[in-house]
Amino acid sequence: MPGRNISRRTLLKASGAAAVSAFASPIRAAAPEPTAVTPALIAAARKEGKVVYYTPIDLPVAELIAKAFEAKYPGIAVRVERTGAERVFQRIGQEYASHIHAVDVVTSSDAAHFIVWKRDGLLEPFVPEDVARHYVAEYKDPDGMFAAFRASLSVIGYNTRLVKAEDAPKSFADLLDPKWTGKIVKGHPAYSGTIMTATYEIARDIGWDYFEKLAKQRIMQVQSAADPPKKLGLGERAVMADGNEYVLFQVKESGGPVEAVYPTEGTPFIVSPNGLFKAAPNPNAARLFQCFCFSPECQELVVNRGAMRSLHAQIKDKPGRRPLGEIKLMKEDAAAVERLSEEIKARYTKIFRV
Amino acid sequence: MLTLLPLSWLTYYGFHDRAGGLTIANFIQLVTDPTFLDPLLTTLILATSSAVTCCAVAAPMGWLVARTDMPLRRTVRALVMASFVTPPFLGAIAWELLAAPNSGLLNKLFRTAAGAEPDEYLFNIYTLPGLIFVISCYTFPYVFVLVANALDRIPGELEDASSILGSSAWTTARRVTVPLALPAVLAGALVAFLQAMTLFGSPAILALPAGFHTMTTKIWSLFQYPPKLELAAAASLPLLVLTVALLRAEAVMLGRRSYTVVGGRQGEPRRVRLGRWKWAALGLAFVVLLNPVFLPYGALLNAAFSRVPSEFVSFDNLTLHNIEFVFFELSSTGLAIRNTLILCTSAATIGTVMAVVVAYMTSRRVVAWHRALAFLATAPVAVPGIVLGVGLFLTYTRPPFVLYGTLWILLIAFVTIALPAAYQQLQSAFRAVNPDLEEASRILGATRLGTLGRITAPLLRTSVIATWCFIFIGVIRELSAAVMLFTSDTKVISVLIFDLNESGDLGAIAVLGIIMLVFTFAVVALINRIPGFGGVRLRNT
Amino acid sequence: MASVELRNLTKRYDKSAAVDGVSLRIEHGLLVCLLGPSGCGKTTTLRLIAGFVEPTAGEIVVGDRVVSSPRRTLPPEARNMSMIFQSYALWPHMTVADNVAYGLTLRKLPRGEIAKKVSAILATAKLTDLSARYPGELSGGQQQRVALARALIVDPETLLLDEPLSNLDANLREEMRYEVRRLHDEYRYTTVYVTHDQSEAMTTADLIAVMNAGKIEQFGPPEDIYARPRSEFVARFIGSSNILKGKALDTDHIVVAGVPVLCAGPGLAAGRNASISIRQHEIRIDQTEPGGERHNVLPAVVARNVFLGHSRDYMVEIGDGTQLRVVTPPEQNIVQGSRVWLRLPAERCRVLES
C-alpha cells in the first residue's frame with residue numbers, strides 16, 4: 001500500500017543517512033550503465049555452467065535462492081558456500097592472498113567488508129537493472145560495486161513454552177536480570193557479520209558495560225546468528241540475546257515455540273550487500289546471478305520464504321511480521337565497523353573469554 | 001620426500017617467529033597473557049583427566065576381555081573397535097543431542113521420569129567434565145587395545161602358578177596380572193593423554209558454548225582474520241614439546257611395541273573363571289559401551305529422522321526432510337563426498353606404498369641412513385593435527401609451492417598424519433618375515449626388486465591391505481588439519497559437518513554423520529573379511 | 001665347477017672381528033665342512049661366500065673371478081650358487097612344486113622343460129605326492145628335502161649349506177647325513193657345509209676346517225683332524241680327548257705328574273711347558289702295577305665309574321690333580337677309590353701346538 005511504502009522509504013532514507021557517508025567512496029563518481037538480462041548473457045553464463053556464491057545467509061534459505069536460480073536458468077549450477085560473514089571475509093582474504101580466485105558472488109552481513117574489498121580493488125562494477133531502477137541511493141554503491149541484497153535485524157527472542165509472554169524480557173537491560181542467568185544464548189562477532197554489526201551498534205548506543213554485565217550471566221556462546229533461534233526452537237535455552245530475526249520467523253512459521261522481541265532501546269539493523277568479484281572464475285554466470293538476486297522474483301523469495309527484509313522498492317513486507325516502519329532501529333555505520341572491528345573482537349573475547 | 005615436509009615447516013615456523021620482530025616476543029606474550037595461559041591449563045587438566053578416566057575404564061575391560069571367561073568377548077572387542085573408528089567430533093555432536101542441559105534427550109527423559117522442573121537437568125555436556133567425558137569415550141580404545149594385547153601375550157602359566165599356590169581370582173589379578181600389565185597401562189595413559197591434548201573437533205564443539213578455550217581451539221582462533229600466525233606458531237610449540245617428551249617416555253616404557261592391532265587371536269591363554277560375576281562383568285562392559293556407541297548412534301539416527309532434533313522420533317515427528325535436504329538441496333554435499341572419497345583412497349594408496357617402501361628400507365637395512373629414515377617416518381606422530389595444519393598452511397601459502405586451495409595440500413596433510421602408524425604396522429609385518437626367505441630367493445638368482453615383488457609383497461599382502469584400510473578410516477575422520485587447510489573447492493565431509501554445526505543444522509549433520517559411519521564401517525567389514533587378519537602368520541618349520 | 005678360495009678374509013662388526021684373516025682353498029668338486037661352536041664365525045664365512053655380507057678385508061675368488069672384496073661385491077643373484085638355510089626358507093605362499101621351480105622360472109626356461117626337471121627331481125627326493133602341497137603342511141624332513149631339491153635343480157657351481165640338519169630329530173638327522181653325501185657324490189658340486197655337529201662333519205666332509213673365534217684352527221681330512229689334532233681346541237672339540245700338561249724333557253718326551261711320557265707329533269722344545277692330548281678310549285687302565293718301563297704309565301685313583309651299556313666311563317685322578325676321563329669295555333669294572341695305573345700308548349699321545 002502506498003502509504004506504507006512512503007513511510008518505509010522515509011524511514012530507509014533516515015536510517016540510511018549515516019550509511020550514505022559510509023557507502024559513498026570518493027574515488028570515482030560514475031557508476032556503469034545498468035545491465036538487463038539478455039539472452040546473450042544467459043547463453044554466456046550457461047557456457048560457464050556454474051557460479052560460486054559465498055554467503056552467510058542461513059543455509060536452507062541460501063539453498064532456496066540457489067535452487068530458484070537453477071530452476072529459472074537450467075544448466076547453471078550454483079554452489080553455495082555458507083559460513084559466518086566474518087569467516088567468509090577471512091576465507092576470501094586467505095584465498096586471494098594465495099592467488100586462488102574461487103568466489104564469484106558474495107553476500108556479507110558486515111557491510112564494512114565491502115569497504116575493504118572496494119578499497120583493495122577486488123570488486124567488479126556492475127549494476128543490474130533492478131538496482132538502478134528500484135533501489136534508493138542509500139543502499140547501493142555510487143560506483144556500482146555493490147548493493148544491499150537484504151536487510152535483517154538482530155532481535156531478542158524467547159521460547160514460548162519455557163517463558164510466559166508477560167515475563168519475557170523487553171529490553172537489553174532486562175536481560176541483565178538475575179532470573180535469566182544461565183538461560184541466555186547468543187552469537188559471536190568474530191564469526192557472524194550480523195553479530196559484529198549488532199555489537200558495534202549496541203556498544204555505541206548503550207555502552208560496553210552492557211556486555212560486561214551480560215558476560216556474568218553465564219551465556220551459552222554459539223557462533224552464527226542463525227544458531228540462537230535454532231537453539232531456542234530446540235528448547236535448549238529460554239532466551240536469546242541476539243540472533244537473526246528471519247531465522248526466528250522461520251522457526252516460528254514451521255511450528256517452533258518461539259517469539260521475537262524488539263528491544264526498547266532499539267533493534268540492531270543490519271544491511272547485507274551483494275557484490276561480484278573482478279577475478280571471478282565465472283564472470284557471466286556471476287552477473288546473471290547478481291541480476292537474479294535483485295529481481296523482484298528473488299526478493300519476494302527473500303521476504304516470503306526467507307523472512308528477511310528487502311530493500312527493493314516494489315517488494316512489501318509479509319503480513320504478520322512487524323513492518324520496519326514500526327520498529328525503532330539502531331543505525332548502521334559500516335565505516336566505523338571497518339575501523340573498529342579488530343578492537344571489537346578483541347574486547348569481546350576478553351569480556352566473554354572465548 | 002614427504003618425510004621432510006614436517007621438518008620443512010618446522011624451519012619455516014622458526015623463521016616466522018621472527019617475522020613480527022624478535023623471537024621471544026611471541027613467547028613472552030604466550031606466557032604472560034591470560035588468554036593463553038588459561039587454555040594451556042585447561043588443556044593440561046583435560047588431558048590428565050581423560051587419561052585417568054580412560055585407564056580406569058579401559059584397563060578393567062581389557063582384563064575382562066583378555067583374561068576372563070566373560071561371555072561375548074568378541075562382541076565387546078568389536079564394539080570397542082566401533083568406538084575407535086567413530087570420529088570424536090561426531091560423537092561430540094551426538095552427545096550434544098543427548099546431554100545438552102535443556103534440549104538433550106537424556107535430560108528430557110530424566111525430567112519426565114523424575115517429574116522435575118523444566119530447567120533441571122541431569123547432564124550438562126557443555127562443561128569441562130562434559131568435554132572430558134566425550135573425549136574419554138573415544139580415546140579409551142587406545143588404552144584398551146594396548147592393555148588387551150599385552151594381556152593376550154602373558155602366558156597362562158604365570159597366573160596358574162599363582163592360583164595353584166592358593167590365591168583367589170582377585171588376588172591373582174591383583175598381584176600377578178596387574179603388575180605385568182602395568183607398562184601397557186602406563187603407555188596407554190600416555191597415548192590417551194596425547195590424544196586428548198591434541199584433539200580439536202570435540203573441544204571446538206563443546207568448549208566454546210561453555211565459554212572456555214583449549215590450546216587447540218585457541219590456535220585455531222588465532223587463524224581468524226587477520227591471522228596472527230606468529231602467535232599461532234608460538235602457541236603450537238608447547239604442544240609439540242610436550243608431545244615429543246611424552247612419546248620418548250612411552251618408547252622407553254614399551255620398547256617397540258607401541259602400535260598394535262586389535263583382532264586376531266593366537267591361542268587361548270588360561271582364563272579366570274568369573275562364575276556368577278560374569279554376567280555382572282558383561283553388564284558393566286555394555287554399560288561402558290553405551291557411551292561411545294549405543295547412545296550417540298541412537299541420537300544421530302533419531303536426529304536424522306526427526307523434524308526437531310531434540311524430539312524423539314514418533315509418527316507425527318518422522319520426516320525424511322533432513323535426508324532430502326542433505327542430498328538434494330545442499331549444494332556442497334556431492335562435492336564433499338566426492339572430495340572425501342578421492343582423498344581417502346589416494347591417501348590410503350600413497351600412504352601404503354610409501355610405508356611399504358620405507359619399512360622395507362629400514363627393516364632390511366638397505367641404505368646406510370636407515371635409522372634416520374625410520375625416525376623421519378615416525379616423526380609426524382609427534383606433531384598434533386592442528387599444529388601440522390598450521391605448519392602446512394605456512395609452508396604452502398607462499399612460493400615456491402603454493403598448494404593452498406588444492407586437494408594436494410590436504411593429501412599431503414593426510415598422508416603425513418597417517419604415515420607413522422602405517423609405517424609401524426608394516427615394519428612389524430616385515431620383521432615377521434624371515435629374511436632367509438628373501439635371501440633364498442636372491443641366491444637362486446632374483447634381484448632385490450624381483451624378490452620384493454615375488455616373495456615379500458605376496459607375503460605381506462594381508463598387512464598391506466589392512467594398512468590401506470586403516471589409513472582410509474583414519475583419513476575420513478580427520479578434522480584438525482583439514483579445518484585449517486580447506487577451501488570451498490576442497491571441502492570434505494568432516495569439515496562440512498563442522499561448518500553445519502556452527503550454524504546449528506543438527507538434522508543435516510546427523511545425516512552426513514551417518515553417511516560417514518556407513519563408509520567407515522564398510523571398510524572395517526572389508527578388513528574383517530580378509531582371511532588371517534591380525535598379523536601375517538608364517539609357519540616355516 | 002669352480003674352486004672357491006678365501007684369501008685373508010676378514011669381516012669386522014664395530015671393533016670385533018667375526019671372521020679374522022681366514023684363508024682357505026676349496027678345490028672344485030670337494031665337500032668342505034666349516035666346523036665349530038656357535039659364534040666361531042662359520043656362518044658369517046658362509047654368508048660372505050654367498051654374497052650377503054661384504055668383507056672388510058681380503059677377497060673371495062671363485063674360479064678365477066674375484067667375487068668379493070672390500071671395494072666390490074658381486075650380489076648373490078649373480079654368483080650361480082645355491083644355498084640351503086637352517087630354517088629351509090620355503091616360501092609359504094607357494095606350493096612345493098612352485099618352490100622347487102622358482103630358480104628355473106627366474107632363468108626363463110620354457111615351461112615344459114621346467115615341468116620335466118621339477119618332476120624328475122621331486123621323484124629323486126621322493127616328493128612327487130607332495131608337489132601340490134604348501135610348506136606349512138609338511139613335516140620337517142619333507143621340508144628339508146624340498147629345500148634340497150630347490151637348491152639342486154638349478155645346477156649350481158657351488159652349493160652352500162647352513163646347518164641344514166639341525167632342525168631335524170636325531171634319527172632323521174643320521175639318515176640325512178648320508179643322503180647329503182650321496183647327493184654330493186652324484187653331482188660333484190663344490191660344497192661348503194657349515195655345522196657345529198662333529199659327527200655330521202666326519203660323515204659328510206672331504207675336508208674339515210675347524211674354526212674358533214673367527215680363525216681356522218686346523219684344516220685337513222677327517223682322519224687327520226681326529227688322530228692328529230694340532231691344538232687344544234681341536235683336540236677338545238673333535239672326539240673326546242684328555243689334555244695333559246707338563247714340562248718338555250726333550251724333543252719327544254714330556255714329564256706329566258712326574259712321569260716321563262713319550263709322545264708323537266711335532267717336536268717339543270726342551271724345558272718349555274707343553275700339552276699333549278689322548279683320546280678317552282685310548283688309555284688303558286691296569287689294576288696291577290706293570291713291571292718294566294715306567295714311562296707312559298701314570299698312577300691314578302678311580303674317582304667315578306659309570307656303566308653305559310656298551311662301555312664304562314671312568315673319571316680318574318692322576319698325581320698332579322688332573323682329572324682324566326677313560327672309556328673302557330663294560331667288562332672292566334673297577335671300584336671307586338681303587339688305585340690303578342694308566343697306560344698311555346706313545347703313538348696316541350699327540351703333542352699340541354700352543
# chains A, B, ... in the order shown; residues from 1 in each chain; ligands from 1

call {"tool": "closest_atom_pairs", "arguments": {"of": "chain B", "to": "chain A", "cutoff": "6 Å", "atoms": "only C-alpha atoms", "output": "tab-separated table"}}
result
residue	atom	partner	partner_atom	distance
B:Asn102	CA	A:Glu236	CA	4.4
B:Ser103	CA	A:Glu236	CA	4.4
B:Pro209	CA	A:Gln221	CA	4.2
B:Gly211	CA	A:Val354	CA	5.7
B:Phe212	CA	A:Val354	CA	5.8
B:Tyr225	CA	A:Gln90	CA	4.9
B:Ser310	CA	A:Leu234	CA	5.8
B:Ser331	CA	A:Arg79	CA	5.5
B:Thr397	CA	A:Ser98	CA	5.7
B:Glu502	CA	A:Gln223	CA	5.6
B:Ser503	CA	A:Asp227	CA	5.1
B:Gly504	CA	A:Asp227	CA	5.0

call {"tool": "select_by_dssp", "arguments": {"residues": "segment 115-338 of chain A", "states": "alpha helix (DSSP H)", "output": "VMD selection string"}}
result
chain A and resid 115 to 119 129 to 134 172 to 175 193 to 205 208 to 215 227 to 234 245 to 253 283 to 294 296 to 304 334 to 338

call {"tool": "interface_residues", "arguments": {"of": "chain C", "to": "chain B", "cutoff": "8 Å", "atoms": "only C-alpha atoms", "output": "count of residues only"}}
result
30

call {"tool": "select_by_dssp", "arguments": {"residues": "segment 66-277 of chain C", "states": "strand (DSSP E)", "output": "ChimeraX atom specification"}}
result
/C:66-68,81-84,158-162,190-195,207-212,215-220,241-250,253-256,259-262,273-277

call {"tool": "residues_around", "arguments": {"residues": "segment 464-473 of chain B", "least_positions_apart": "5", "cutoff": "7 Å", "atoms": "only C-alpha atoms", "output": "PyMOL selection string"}}
result
chain B and resi 85+344-345+348-349+352+418+422+520+523+527
